[in-house]
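Novice: One file: protein_32.cif (mmCIF, C-alpha atoms).
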```
data_start
#
loop_
_atom_site.label_atom_id
_atom_site.label_comp_id
_atom_site.auth_asym_id
_atom_site.auth_seq_id
_atom_site.Cartn_x
_atom_site.Cartn_y
_atom_site.Cartn_z
CA GLY A 1 137.76 -6.45 58.05
CA ARG A 2 139.03 -5.58 61.45
CA LEU A 3 136.55 -5.55 64.34
CA ARG A 4 136.26 -2.29 66.25
CA ALA A 5 135.57 -2.37 69.97
CA VAL A 6 132.49 -0.42 70.87
CA GLY A 7 132.97 -1.11 74.55
CA LEU A 8 134.76 -3.12 77.15
CA VAL A 9 132.84 -6.03 78.61
CA ASP A 10 133.17 -8.03 81.78
CA GLY A 11 133.92 -11.50 80.46
CA PHE A 12 133.64 -12.33 76.77
CA GLY A 13 131.67 -10.79 73.91
CA ALA A 14 130.11 -12.47 70.89
CA HIS A 15 133.19 -11.80 68.71
CA ASP A 16 135.64 -13.19 71.27
CA GLN A 17 135.32 -16.80 70.11
CA ASP A 18 137.87 -18.75 68.11
CA VAL A 19 137.03 -20.93 65.10
CA THR A 20 135.81 -23.73 67.37
CA GLY A 21 133.33 -21.41 69.11
CA THR A 22 135.35 -21.36 72.34
CA ASP A 23 135.85 -18.08 74.21
CA SER A 24 139.33 -16.81 73.39
CA THR A 25 141.32 -14.46 75.60
CA GLU A 26 143.47 -13.65 72.55
CA HIS A 27 140.43 -12.58 70.51
CA LYS A 28 139.09 -10.53 73.44
CA GLN A 29 142.43 -8.73 73.83
CA ARG A 30 142.68 -8.08 70.09
CA ARG A 31 139.14 -6.67 69.95
CA GLU A 32 139.57 -4.50 73.04
CA SER A 33 142.96 -3.21 71.86
CA SER A 34 141.15 -0.97 69.37
CA PHE A 35 139.29 0.78 72.21
CA PRO A 36 140.60 4.38 72.27
CA LYS A 37 143.77 4.33 74.38
CA GLU A 38 143.28 7.93 75.51
CA LEU A 39 139.98 6.93 77.16
CA VAL A 40 141.66 3.99 78.88
CA ILE A 41 144.37 6.30 80.22
CA GLU A 42 141.81 8.92 81.32
CA SER A 43 139.89 6.21 83.20
CA GLY A 44 142.83 6.05 85.58
CA MET A 45 141.77 9.44 86.87
CA PHE A 46 138.15 8.39 87.51
CA ASN A 47 136.93 9.68 90.87
CA LEU A 48 133.26 9.23 91.75
CA ASN A 49 133.48 11.93 94.43
CA ALA A 50 134.38 14.49 91.74
CA ALA A 51 131.81 13.25 89.21
CA GLU A 52 129.10 15.60 88.02
CA CYS A 53 125.44 14.84 87.40
CA THR A 54 122.83 16.74 85.43
CA LYS A 55 120.65 16.85 88.55
CA ALA A 56 121.76 17.28 92.16
CA SER A 57 119.15 14.69 93.18
CA ASP A 58 120.83 12.09 90.91
CA ARG A 59 124.18 12.76 92.58
CA ARG A 60 122.65 12.35 96.05
CA LEU A 61 121.04 9.04 95.02
CA ILE A 62 124.26 7.70 93.50
CA MET A 63 126.40 8.73 96.45
CA GLY A 64 123.80 7.33 98.84
CA GLU A 65 123.90 3.93 97.10
CA VAL A 66 127.70 3.80 96.96
CA GLY A 67 128.12 5.14 100.49
CA SER A 68 131.57 4.76 101.98
CA GLU A 69 132.72 2.42 99.21
CA SER A 70 133.45 5.09 96.59
CA ASP A 71 137.19 4.36 96.71
CA ILE A 72 136.54 0.67 96.01
CA LEU A 73 134.29 1.63 93.08
CA ASN A 74 136.98 4.02 91.79
CA TYR A 75 139.62 1.26 91.89
CA THR A 76 137.30 -1.30 90.31
CA LEU A 77 136.41 0.97 87.38
CA ARG A 78 140.02 2.05 86.90
CA CYS A 79 141.07 -1.59 86.98
CA ARG A 80 138.40 -2.70 84.51
CA PHE A 81 139.65 -0.20 81.96
CA GLY A 82 143.30 -0.49 82.97
CA SER A 83 143.28 -4.27 82.63
CA THR A 84 143.07 -3.80 78.85
CA ARG A 85 146.67 -2.52 79.10
CA LEU A 86 147.93 -5.67 80.85
CA ALA A 87 148.95 -7.35 77.59
CA ASP A 88 151.41 -4.52 76.98
CA LEU A 89 152.54 -4.23 80.60
CA LEU A 90 153.28 -7.90 81.33
CA VAL A 91 156.05 -8.23 78.74
CA GLU A 92 159.78 -7.84 79.31
CA GLY A 93 160.88 -4.22 79.19
CA ALA A 94 157.42 -2.73 79.80
CA ASP A 95 156.96 0.42 81.86
CA ALA A 96 157.14 -0.80 85.49
CA THR A 97 155.53 2.39 86.83
CA GLN A 98 152.45 1.89 84.69
CA LEU A 99 152.27 -1.78 85.69
CA ASP A 100 152.52 -0.79 89.37
CA GLU A 101 149.62 1.62 88.88
CA VAL A 102 147.34 -0.97 87.25
CA LEU A 103 148.28 -3.59 89.86
CA ALA A 104 147.44 -1.16 92.68
CA TRP A 105 144.01 -0.62 91.14
CA LEU A 106 143.57 -4.38 90.86
CA ARG A 107 144.68 -5.05 94.43
CA ASN A 108 142.23 -2.46 95.82
CA SER A 109 139.32 -3.35 93.53
CA ARG A 110 136.46 -5.77 93.78
CA LEU A 111 136.93 -7.04 90.25
CA ARG A 112 135.20 -10.38 89.66
CA LYS A 113 136.57 -11.36 86.22
CA LEU A 114 139.92 -10.75 84.57
CA ALA A 115 141.28 -11.81 81.19
CA ALA A 116 144.91 -11.09 80.34
CA TYR A 117 146.75 -12.13 77.20
CA CYS A 118 150.41 -11.49 76.36
CA THR A 119 150.37 -11.20 72.59
CA ALA A 120 154.08 -10.53 72.40
CA GLY A 121 154.74 -13.94 73.92
CA TYR A 122 157.49 -12.67 76.16
CA GLY A 123 155.63 -12.58 79.45
CA SER A 124 157.94 -11.33 82.19
CA THR A 125 157.98 -13.91 84.98
CA SER A 126 158.37 -11.24 87.66
CA ALA A 127 155.50 -9.15 86.21
CA ILE A 128 153.23 -12.20 86.06
CA GLU A 129 154.12 -13.10 89.67
CA ARG A 130 153.27 -9.54 90.71
CA LEU A 131 149.95 -9.83 88.86
CA MET A 132 149.12 -13.02 90.78
CA GLU A 133 149.95 -11.31 94.09
CA ALA A 134 147.67 -8.36 93.24
CA LEU A 135 144.54 -10.42 92.53
CA PRO A 136 141.64 -9.35 94.77
CA GLU A 137 139.74 -11.87 96.90
CA THR A 138 136.59 -11.06 94.92
CA LEU A 139 138.02 -12.54 91.70
CA VAL A 140 136.01 -15.59 90.64
CA GLU A 141 137.26 -15.96 87.06
CA LEU A 142 140.81 -15.52 85.78
CA ARG A 143 141.86 -16.25 82.20
CA ALA A 144 145.52 -15.56 81.58
CA GLU A 145 147.49 -16.68 78.56
CA CYS A 146 151.08 -15.89 77.65
CA LEU A 147 152.53 -17.59 74.64
CA ARG A 148 156.09 -18.79 74.93
CA LYS A 149 158.59 -17.36 72.49
CA GLU A 150 158.98 -20.81 70.93
CA ALA A 151 155.23 -21.03 70.27
CA LEU A 152 155.36 -17.78 68.31
CA LEU A 153 158.35 -18.92 66.29
CA GLY A 154 156.70 -22.24 65.44
CA SER A 155 159.26 -24.37 67.30
#
```
Can you dump the structure from the file as structure tokens?

Specialist:
Amino acid sequence: GRLRAVGLVDGFGAHDQDVTGTDSTEHKQRRESSFPKELVIESGMFNLNAAECTKASDRRLIMGEVGSESDILNYTLRCRFGSTRLADLLVEGADATQLDEVLAWLRNSRLRKLAAYCTAGYGSTSAIERLMEALPETLVELRAECLRKEALLGS
């Protein structure tokens, strides 16, 4: 049966391995693609400053810990969820406005790990170059795979 994502993880999950037991960006993207798209889209509106807590004291503690870096946290969370859309946005003919939005989140984030996989195999060179330019300095692990058209066709 088909695996259902119960969450998005930083890095790889137990079901993200290929038959050799190696972490697979393709398997990660396939698993995470079943995460509800409407929640991914809504995450783009995340704003810690507008978040509600059950107790006012919890809100004060959270805001005290985050301090002046709430915008960075907002971008990092938006990017973590938005990066699941990269596979669709890095292909030829994808919505450039949506790609720009996700790349802005990435550029302004403090993301440490990123995995991107172009399942369609038609990775747009200009989109991939823009992705590389948007990578934050905090990134310590990048796994990006885009199959060539010939690889998909078995040539």

Novice: Once the PyMOL selection byres ((chain A and resi 27-41) around 6) has been applied to the shown file, what residues remain in the selection, as a list in words?

Specialist: Arg4, Ala5, Asp16, Ser24, Thr25, Glu26, Glu42, Ser43, Gly44 and Phe81 of chain A

Novice: Please provide the set of residues having any atom within 7 Å of region 129-135 of chain A, restricted to all atoms listed in the file, with same-chain residues fewer than 2 positions apart removed, written as a PyMOL selection string.

Specialist: chain A and resi 103+106-107+125-127+137+139

Novice: On this structure, the PyMOL selection byres ((chain A and resi 63) around 12) would catch which residues? List them as number ranges by chain, sorted by chain and number.

Specialist: A: 47-53, 56-62, 64-71, 73

Novice: Can you tell me, as a list in words, what residues are no more than 12 Å from Leu142 (chain A) when counting only C-alpha atoms, ignoring any on the same chain fewer than 2 positions away?

Specialist: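 Once the nearby chain positions are removed, what remains is Asp10, Gly11, Phe12, Thr25, Ser83, Leu111, Arg112, Lys113, Leu114, Ala115, Ala116, Tyr117, Leu131, Met132, Leu135, Pro136, Glu137, Thr138, Leu139, Val140, Ala144 and Glu145 of chain A.
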
Novice: Please report the interatomic distance between CA of Met45 (chain A) and CA of Ser109 (chain A) in Å with one decimal.

Specialist: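 Going from CA of Met45 (chain A) over to CA of Ser109 (chain A), I get 14.6 Å.
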
Novice: Which one of A:Ser124, A:Gln98, A:Asn108, A:Thr54 sits closest to Tyr75 (chain A) if you count only C-alpha atoms?

Specialist: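 Using only C-alpha atoms, the shortest distance to Tyr75 (chain A) belongs to A:Asn108.
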
Novice: Let me have the centre and edge lengths in Å, one decimal, of the box along x, y and z around every listed atom of region 82-100 of chain A with 4 Å of margin on each side, as JSON.

Specialist:
```
{"center_x": 152.0, "center_y": -2.9, "center_z": 83.2, "size_x": 25.8, "size_y": 18.6, "size_z": 20.4}
```

Novice: How far is it from CA of Arg110 (chain A) to CA of Gly82 (chain A), in Å with one decimal?

Specialist: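 Between CA of Arg110 (chain A) and CA of Gly82 (chain A) the gap works out to 13.8 Å.
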
Novice: What does the distance from CA of Gly13 (chain A) to CA of Arg78 (chain A) come to in Å, to one decimal?

Specialist: 20.1 Å

Novice: Give the answer as one residue: which of A:Asp18, A:Trp105, A:Glu92, A:Thr97 has the shortest atom-to-atom distance to Phe46 (chain A), using only C-alpha atoms?

Specialist: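 Once distances to Phe46 (chain A) are computed over only C-alpha atoms, the minimum belongs to A:Trp105.
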
Novice: Which of these, A:Ile128, A:Ala14, A:Cys79, A:Ala87, has the shortest distance to Glu101 (chain A) once you count only C-alpha atoms?

Specialist: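 Closest residue, counting only C-alpha atoms: A:Cys79.
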